[in-house]
>>> print(open('protein.pdb').read())   # PDB, C-alpha atoms, pLDDT in the B column
ATOM      1  CA  MET A   1       8.911 -18.056  11.833  1.00 73.00           C
ATOM      2  CA  SER A   2       7.725 -14.996  13.762  1.00 79.00           C
ATOM      3  CA  PHE A   3       4.317 -13.372  13.272  1.00 77.00           C
ATOM      4  CA  ALA A   4       1.524 -11.281  14.876  1.00 84.00           C
ATOM      5  CA  PRO A   5       3.769  -8.558  16.377  1.00 86.00           C
ATOM      6  CA  ARG A   6       2.363  -5.812  18.621  1.00 89.00           C
ATOM      7  CA  PHE A   7       4.186  -2.896  20.241  1.00 91.00           C
ATOM      8  CA  SER A   8       3.896  -2.143  23.945  1.00 91.00           C
ATOM      9  CA  PRO A   9       2.137   1.172  24.721  1.00 91.00           C
ATOM     10  CA  ASP A  10       5.470   2.934  25.351  1.00 90.00           C
ATOM     11  CA  GLY A  11       6.996   1.520  22.145  1.00 88.00           C
ATOM     12  CA  SER A  12       9.958  -0.071  23.931  1.00 90.00           C
ATOM     13  CA  LYS A  13       8.951  -3.720  23.402  1.00 93.00           C
ATOM     14  CA  VAL A  14       7.297  -5.934  20.821  1.00 92.00           C
ATOM     15  CA  ALA A  15       5.306  -9.050  21.742  1.00 94.00           C
ATOM     16  CA  MET A  16       5.023 -11.679  19.001  1.00 91.00           C
ATOM     17  CA  SER A  17       4.471 -15.330  18.226  1.00 90.00           C
ATOM     18  CA  LEU A  18       7.495 -17.409  17.349  1.00 88.00           C
ATOM     19  CA  SER A  19       7.130 -20.851  15.868  1.00 88.00           C
ATOM     20  CA  GLU A  20      10.053 -23.232  16.162  1.00 85.00           C
ATOM     21  CA  ASN A  21      10.461 -26.977  16.588  1.00 83.00           C
ATOM     22  CA  GLY A  22       6.711 -27.548  16.204  1.00 82.00           C
ATOM     23  CA  ARG A  23       5.716 -25.141  19.005  1.00 86.00           C
ATOM     24  CA  THR A  24       4.297 -21.627  18.812  1.00 91.00           C
ATOM     25  CA  ASN A  25       4.895 -19.515  21.913  1.00 90.00           C
ATOM     26  CA  LEU A  26       4.803 -15.821  22.753  1.00 93.00           C
ATOM     27  CA  TYR A  27       8.027 -13.863  22.997  1.00 92.00           C
ATOM     28  CA  GLU A  28       8.898 -10.303  23.875  1.00 93.00           C
ATOM     29  CA  MET A  29      11.688  -8.365  22.208  1.00 92.00           C
ATOM     30  CA  ASP A  30      13.281  -5.246  23.667  1.00 91.00           C
ATOM     31  CA  VAL A  31      13.408  -2.808  20.762  1.00 88.00           C
ATOM     32  CA  ARG A  32      16.579  -1.068  21.964  1.00 88.00           C
ATOM     33  CA  GLY A  33      18.708  -4.045  22.979  1.00 78.00           C
ATOM     34  CA  ARG A  34      16.987  -6.548  20.676  1.00 79.00           C
ATOM     35  CA  GLY A  35      17.050  -9.137  23.457  1.00 87.00           C
ATOM     36  CA  MET A  36      14.309 -11.787  23.320  1.00 90.00           C
ATOM     37  CA  ARG A  37      12.577 -13.610  26.145  1.00 91.00           C
ATOM     38  CA  ARG A  38       9.920 -16.279  26.042  1.00 91.00           C
ATOM     39  CA  LEU A  39       6.594 -15.398  27.716  1.00 92.00           C
ATOM     40  CA  THR A  40       4.742 -18.715  27.298  1.00 93.00           C
ATOM     41  CA  ASN A  41       5.952 -22.299  27.276  1.00 91.00           C
ATOM     42  CA  SER A  42       3.161 -24.493  25.996  1.00 88.00           C
ATOM     43  CA  PRO A  43       2.719 -27.273  23.439  1.00 89.00           C
ATOM     44  CA  ALA A  44      -0.347 -25.311  22.233  1.00 89.00           C
ATOM     45  CA  ILE A  45      -0.431 -22.511  19.656  1.00 93.00           C
ATOM     46  CA  ASP A  46      -0.186 -19.161  21.479  1.00 93.00           C
ATOM     47  CA  THR A  47      -0.623 -16.156  19.190  1.00 92.00           C
ATOM     48  CA  SER A  48      -2.008 -12.636  18.654  1.00 94.00           C
ATOM     49  CA  PRO A  49      -0.614 -10.913  21.770  1.00 96.00           C
ATOM     50  CA  SER A  50      -1.864  -7.416  22.634  1.00 96.00           C
ATOM     51  CA  TYR A  51      -0.699  -5.273  25.561  1.00 96.00           C
ATOM     52  CA  SER A  52      -3.079  -3.593  27.984  1.00 96.00           C
ATOM     53  CA  ASN A  53      -3.146   0.204  27.819  1.00 94.00           C
ATOM     54  CA  ASP A  54      -0.831   0.449  30.846  1.00 95.00           C
ATOM     55  CA  GLY A  55       1.541  -2.243  29.513  1.00 94.00           C
ATOM     56  CA  THR A  56       1.175  -4.504  32.575  1.00 95.00           C
ATOM     57  CA  GLN A  57      -0.818  -7.331  30.954  1.00 97.00           C
ATOM     58  CA  ILE A  58      -1.100  -9.164  27.637  1.00 97.00           C
ATOM     59  CA  VAL A  59      -4.183 -10.736  26.088  1.00 97.00           C
ATOM     60  CA  PHE A  60      -3.627 -13.520  23.523  1.00 96.00           C
ATOM     61  CA  ASN A  61      -5.418 -16.454  21.963  1.00 94.00           C
ATOM     62  CA  SER A  62      -4.435 -20.070  22.445  1.00 95.00           C
ATOM     63  CA  ASP A  63      -5.799 -23.542  21.772  1.00 93.00           C
ATOM     64  CA  ARG A  64      -4.295 -24.879  25.020  1.00 90.00           C
ATOM     65  CA  GLY A  65      -7.778 -25.739  26.349  1.00 87.00           C
ATOM     66  CA  GLY A  66      -8.741 -27.693  23.229  1.00 89.00           C
ATOM     67  CA  SER A  67     -10.200 -24.806  21.198  1.00 91.00           C
ATOM     68  CA  GLN A  68      -9.102 -21.289  20.328  1.00 94.00           C
ATOM     69  CA  GLN A  69      -9.841 -19.070  23.385  1.00 96.00           C
ATOM     70  CA  LEU A  70      -8.648 -15.781  24.927  1.00 97.00           C
ATOM     71  CA  TYR A  71      -6.221 -15.644  27.844  1.00 97.00           C
ATOM     72  CA  ILE A  72      -4.663 -12.847  29.900  1.00 97.00           C
ATOM     73  CA  MET A  73      -1.285 -12.933  31.638  1.00 96.00           C
ATOM     74  CA  PRO A  74       1.119 -10.457  33.239  1.00 96.00           C
ATOM     75  CA  ALA A  75       3.304  -8.730  30.630  1.00 93.00           C
ATOM     76  CA  GLY A  76       6.324 -10.582  32.008  1.00 88.00           C
ATOM     77  CA  GLY A  77       4.684 -13.965  31.370  1.00 88.00           C
ATOM     78  CA  GLY A  78       3.186 -16.708  33.542  1.00 85.00           C
ATOM     79  CA  ALA A  79      -0.114 -17.030  35.432  1.00 90.00           C
ATOM     80  CA  GLU A  80      -2.257 -17.248  32.281  1.00 93.00           C
ATOM     81  CA  ARG A  81      -6.013 -17.194  32.892  1.00 95.00           C
ATOM     82  CA  ARG A  82      -8.781 -17.841  30.401  1.00 96.00           C
ATOM     83  CA  ILE A  83     -11.353 -15.042  29.929  1.00 97.00           C
ATOM     84  CA  SER A  84     -13.536 -16.324  27.041  1.00 96.00           C
ATOM     85  CA  PHE A  85     -16.195 -18.919  27.824  1.00 92.00           C
ATOM     86  CA  GLY A  86     -18.869 -18.425  25.141  1.00 89.00           C
ATOM     87  CA  GLU A  87     -19.619 -20.807  22.303  1.00 91.00           C
ATOM     88  CA  GLY A  88     -17.268 -20.861  19.334  1.00 93.00           C
ATOM     89  CA  ARG A  89     -13.633 -19.876  18.907  1.00 95.00           C
ATOM     90  CA  TYR A  90     -11.965 -16.548  19.661  1.00 96.00           C
ATOM     91  CA  ALA A  91      -9.090 -14.907  17.786  1.00 94.00           C
ATOM     92  CA  THR A  92      -7.188 -11.654  17.121  1.00 94.00           C
ATOM     93  CA  PRO A  93      -7.747  -9.957  20.507  1.00 97.00           C
ATOM     94  CA  VAL A  94      -6.786  -6.301  20.835  1.00 96.00           C
ATOM     95  CA  TRP A  95      -6.903  -4.253  24.023  1.00 96.00           C
ATOM     96  CA  SER A  96      -8.680  -0.873  23.942  1.00 96.00           C
ATOM     97  CA  PRO A  97      -6.509   2.254  24.379  1.00 94.00           C
ATOM     98  CA  ARG A  98      -8.736   3.087  27.380  1.00 94.00           C
ATOM     99  CA  GLY A  99      -8.201  -0.356  28.905  1.00 95.00           C
ATOM    100  CA  ASP A 100     -11.923  -0.986  29.412  1.00 96.00           C
ATOM    101  CA  TYR A 101     -12.559  -3.488  26.580  1.00 97.00           C
ATOM    102  CA  ILE A 102     -10.874  -6.208  24.568  1.00 97.00           C
ATOM    103  CA  ALA A 103     -12.054  -6.553  20.963  1.00 97.00           C
ATOM    104  CA  PHE A 104     -11.846  -9.929  19.226  1.00 96.00           C
ATOM    105  CA  THR A 105     -12.910 -11.996  16.243  1.00 96.00           C
ATOM    106  CA  LYS A 106     -15.379 -14.790  17.048  1.00 96.00           C
ATOM    107  CA  ILE A 107     -15.857 -17.826  14.807  1.00 95.00           C
ATOM    108  CA  MET A 108     -19.068 -19.769  15.376  1.00 92.00           C
ATOM    109  CA  GLY A 109     -21.405 -21.840  13.250  1.00 87.00           C
ATOM    110  CA  GLY A 110     -19.656 -21.073   9.968  1.00 84.00           C
ATOM    111  CA  SER A 111     -19.711 -17.296  10.369  1.00 89.00           C
ATOM    112  CA  PHE A 112     -17.462 -14.648  11.862  1.00 94.00           C
ATOM    113  CA  GLY A 113     -18.141 -11.759  14.213  1.00 94.00           C
ATOM    114  CA  ILE A 114     -16.391  -8.776  15.770  1.00 96.00           C
ATOM    115  CA  GLY A 115     -17.075  -8.478  19.481  1.00 96.00           C
ATOM    116  CA  VAL A 116     -15.958  -6.826  22.692  1.00 97.00           C
ATOM    117  CA  MET A 117     -15.707  -7.959  26.311  1.00 97.00           C
ATOM    118  CA  ARG A 118     -14.321  -6.518  29.520  1.00 97.00           C
ATOM    119  CA  PRO A 119     -10.808  -7.651  30.542  1.00 97.00           C
ATOM    120  CA  ASP A 120     -12.318 -10.006  33.139  1.00 96.00           C
ATOM    121  CA  GLY A 121     -14.333 -11.735  30.366  1.00 95.00           C
ATOM    122  CA  SER A 122     -17.703 -10.259  31.361  1.00 96.00           C
ATOM    123  CA  GLY A 123     -20.065  -8.280  29.151  1.00 95.00           C
ATOM    124  CA  GLU A 124     -19.347 -10.076  25.868  1.00 96.00           C
ATOM    125  CA  ARG A 125     -21.219  -8.498  22.931  1.00 95.00           C
ATOM    126  CA  LEU A 126     -21.037  -9.043  19.180  1.00 95.00           C
ATOM    127  CA  LEU A 127     -21.033  -5.777  17.216  1.00 95.00           C
ATOM    128  CA  ALA A 128     -20.903  -7.109  13.645  1.00 93.00           C
ATOM    129  CA  ASN A 129     -21.120 -10.507  11.995  1.00 91.00           C
ATOM    130  CA  GLY A 130     -21.201 -12.074   8.545  1.00 88.00           C
ATOM    131  CA  PHE A 131     -19.592 -14.374   6.017  1.00 87.00           C
ATOM    132  CA  LEU A 132     -16.107 -13.147   7.020  1.00 86.00           C
ATOM    133  CA  VAL A 133     -15.512 -10.235   9.392  1.00 89.00           C
ATOM    134  CA  GLU A 134     -12.110 -10.108  11.021  1.00 91.00           C
ATOM    135  CA  GLY A 135      -9.122  -8.070  12.179  1.00 90.00           C
ATOM    136  CA  PRO A 136     -10.414  -5.490  14.693  1.00 95.00           C
ATOM    137  CA  THR A 137      -8.313  -2.408  15.461  1.00 94.00           C
ATOM    138  CA  TRP A 138      -9.170   0.392  17.904  1.00 96.00           C
ATOM    139  CA  ALA A 139      -9.375   4.111  17.162  1.00 95.00           C
ATOM    140  CA  PRO A 140      -7.221   6.146  19.576  1.00 93.00           C
ATOM    141  CA  ASN A 141     -10.394   7.252  21.425  1.00 92.00           C
ATOM    142  CA  GLY A 142     -11.235   3.626  22.311  1.00 93.00           C
ATOM    143  CA  ARG A 143     -14.830   4.029  21.129  1.00 95.00           C
ATOM    144  CA  VAL A 144     -14.648   2.989  17.450  1.00 95.00           C
ATOM    145  CA  LEU A 145     -13.312  -0.172  15.816  1.00 96.00           C
ATOM    146  CA  MET A 146     -12.263  -0.833  12.243  1.00 95.00           C
ATOM    147  CA  PHE A 147     -12.258  -4.300  10.695  1.00 93.00           C
ATOM    148  CA  PHE A 148     -12.550  -5.922   7.299  1.00 91.00           C
ATOM    149  CA  ARG A 149     -15.618  -7.579   5.851  1.00 90.00           C
ATOM    150  CA  GLN A 150     -15.754 -10.041   2.964  1.00 87.00           C
ATOM    151  CA  GLN A 151     -19.076 -10.820   1.311  1.00 81.00           C
ATOM    152  CA  PRO A 152     -19.757 -14.003  -0.644  1.00 74.00           C
ATOM    153  CA  ASN A 153     -20.081 -13.594  -4.398  1.00 73.00           C
ATOM    154  CA  SER A 154     -23.042 -14.937  -6.375  1.00 72.00           C
ATOM    155  CA  GLY A 155     -21.481 -18.427  -6.337  1.00 70.00           C
ATOM    156  CA  GLY A 156     -21.241 -18.415  -2.533  1.00 65.00           C
ATOM    157  CA  ARG A 157     -17.464 -18.063  -2.568  1.00 69.00           C
ATOM    158  CA  ALA A 158     -15.296 -15.269  -1.244  1.00 69.00           C
ATOM    159  CA  GLY A 159     -16.020 -11.951  -2.951  1.00 76.00           C
ATOM    160  CA  SER A 160     -14.770  -8.404  -2.460  1.00 84.00           C
ATOM    161  CA  VAL A 161     -13.135  -7.273   0.785  1.00 89.00           C
ATOM    162  CA  THR A 162     -13.996  -3.902   2.337  1.00 90.00           C
ATOM    163  CA  LEU A 163     -13.024  -1.919   5.432  1.00 92.00           C
ATOM    164  CA  HIS A 164     -15.681  -0.964   7.967  1.00 94.00           C
ATOM    165  CA  ALA A 165     -15.859   1.181  11.104  1.00 95.00           C
ATOM    166  CA  ILE A 166     -18.308   0.552  13.945  1.00 95.00           C
ATOM    167  CA  ASP A 167     -18.868   2.231  17.294  1.00 95.00           C
ATOM    168  CA  ILE A 168     -18.821   0.157  20.497  1.00 93.00           C
ATOM    169  CA  THR A 169     -22.629   0.177  20.722  1.00 92.00           C
ATOM    170  CA  GLY A 170     -22.746  -1.778  17.444  1.00 90.00           C
ATOM    171  CA  ARG A 171     -25.436   0.554  16.083  1.00 91.00           C
ATOM    172  CA  PHE A 172     -23.382   2.644  13.691  1.00 93.00           C
ATOM    173  CA  GLU A 173     -21.423   0.712  11.056  1.00 92.00           C
ATOM    174  CA  ARG A 174     -20.149   2.329   7.902  1.00 94.00           C
ATOM    175  CA  GLN A 175     -17.963   1.242   5.033  1.00 92.00           C
ATOM    176  CA  VAL A 176     -14.658   3.100   4.707  1.00 91.00           C
ATOM    177  CA  PRO A 177     -14.093   3.837   0.993  1.00 90.00           C
ATOM    178  CA  THR A 178     -10.917   2.416  -0.548  1.00 90.00           C
ATOM    179  CA  PRO A 179      -9.877   2.371  -4.231  1.00 91.00           C
ATOM    180  CA  THR A 180      -9.779  -1.443  -4.342  1.00 89.00           C
ATOM    181  CA  ASP A 181     -10.263  -4.367  -1.963  1.00 89.00           C
ATOM    182  CA  ALA A 182      -8.712  -3.755   1.460  1.00 87.00           C
ATOM    183  CA  SER A 183      -8.073  -5.814   4.597  1.00 86.00           C
ATOM    184  CA  ASP A 184      -6.191  -5.864   7.904  1.00 87.00           C
ATOM    185  CA  PRO A 185      -6.623  -2.216   8.980  1.00 87.00           C
ATOM    186  CA  ALA A 186      -4.384  -0.723  11.670  1.00 87.00           C
ATOM    187  CA  TRP A 187      -5.181   2.565  13.380  1.00 84.00           C
ATOM    188  CA  SER A 188      -2.279   4.848  14.235  1.00 79.00           C
ATOM    189  CA  PRO A 189      -2.055   6.592  17.599  1.00 75.00           C
ATOM    190  CA  LEU A 190      -2.981  10.286  17.711  1.00 76.00           C
ATOM    191  CA  ILE A 191      -0.439  12.327  15.801  1.00 77.00           C
ATOM    192  CA  PRO A 192       0.534  15.589  17.542  1.00 77.00           C
ATOM    193  CA  GLN A 193      -0.175  18.712  15.512  1.00 73.00           C
TER     194      GLN A 193
END
>>> encode(input="protein.pdb", output="structure tokens")
Amino acid sequence: MSFAPRFSPDGSKVAMSLSENGRTNLYEMDVRGRGMRRLTNSPAIDTSPSYSNDGTQIVFNSDRGGSQQLYIMPAGGGAERRISFGEGRYATPVWSPRGDYIAFTKIMGGSFGIGVMRPDGSGERLLANGFLVEGPTWAPNGRVLMFFRQQPNSGGRAGSVTLHAIDITGRFERQVPTPTDASDPAWSPLIPQ
């Protein structure tokens, strides 16, 4: 089973997770030739790859250290290094189009948050948190994130799901109107006029 695909900045490759024989590793596929190569070789679950803005590095999450954390490696694989060291678990990393931040979902103490950190792991900040907030995606300007938020209903169970946008200061969050529940946003690159 393959999942969590992400295109390289130039659109020539796709990084993804591939689960086979009880292992989940990262692979890269050349879009033109369709050739595949393995980027990680670990008994852990490696998933959610995202290329840096220049295509030279990949951030991903893995439980190789015992809990779900963020790692960076060269785009060709190897030399993985952990960048998340806060409390809780980290998931769904996505590199900013400017290359200055990595956004992520943080799970801690029964709640979820959307945060950012620098590629070296410094400057971690949570921008939004709640019952379930997940799935960050960057605007092309690298200064606004979208994500989805689920509120509990009156019985304390999962309720409606809405899309939200927030700037990187965390001060300006707004709901993005949709006709019904919505989740897993993805921002397109700028479209030439």
>>> residues_around(input="protein.pdb", residues="range 160-165 of chain A", least_positions_apart="5", cutoff="10 Å", atoms="only C-alpha atoms", output="NGL selection string")
:A and (128 or 132-139 or 144-153 or 170 or 172-185)
>>> closest_residue(input="protein.pdb", among="A:Ala44, A:Ile168, A:Leu70, A:Ile114", to="Arg82 in chain A", atoms="all atoms listed in the file")
A:Leu70
>>> atom_distance(input="protein.pdb", atom1="CA of Met108 in chain A", atom2="CA of Gly65 in chain A")
16.8 Å
>>> resolve_selection(input="protein.pdb", expression="the PyMOL selection byres ((chain A and resi 50) around 9)", output="list in words")
Pro5, Arg6, Phe7, Ser8, Ala15, Met16, Ser48, Pro49, Tyr51, Ser52, Gln57, Ile58, Val59, Phe60, Thr92, Pro93, Val94 and Trp95 of chain A
>>> write_last_selection(input="protein.pdb", atoms="C-alpha atoms", output="CSV table (one decimal), in the frame of the given file")
chain,number,residue,atom,x,y,z
A,5,PRO,CA,3.8,-8.6,16.4
A,6,ARG,CA,2.4,-5.8,18.6
A,7,PHE,CA,4.2,-2.9,20.2
A,8,SER,CA,3.9,-2.1,23.9
A,15,ALA,CA,5.3,-9.0,21.7
A,16,MET,CA,5.0,-11.7,19.0
A,48,SER,CA,-2.0,-12.6,18.7
A,49,PRO,CA,-0.6,-10.9,21.8
A,51,TYR,CA,-0.7,-5.3,25.6
A,52,SER,CA,-3.1,-3.6,28.0
A,57,GLN,CA,-0.8,-7.3,31.0
A,58,ILE,CA,-1.1,-9.2,27.6
A,59,VAL,CA,-4.2,-10.7,26.1
A,60,PHE,CA,-3.6,-13.5,23.5
A,92,THR,CA,-7.2,-11.7,17.1
A,93,PRO,CA,-7.7,-10.0,20.5
A,94,VAL,CA,-6.8,-6.3,20.8
A,95,TRP,CA,-6.9,-4.3,24.0
>>> atom_distance(input="protein.pdb", atom1="CA of Gly66 in chain A", atom2="CA of Ala186 in chain A")
29.7 Å
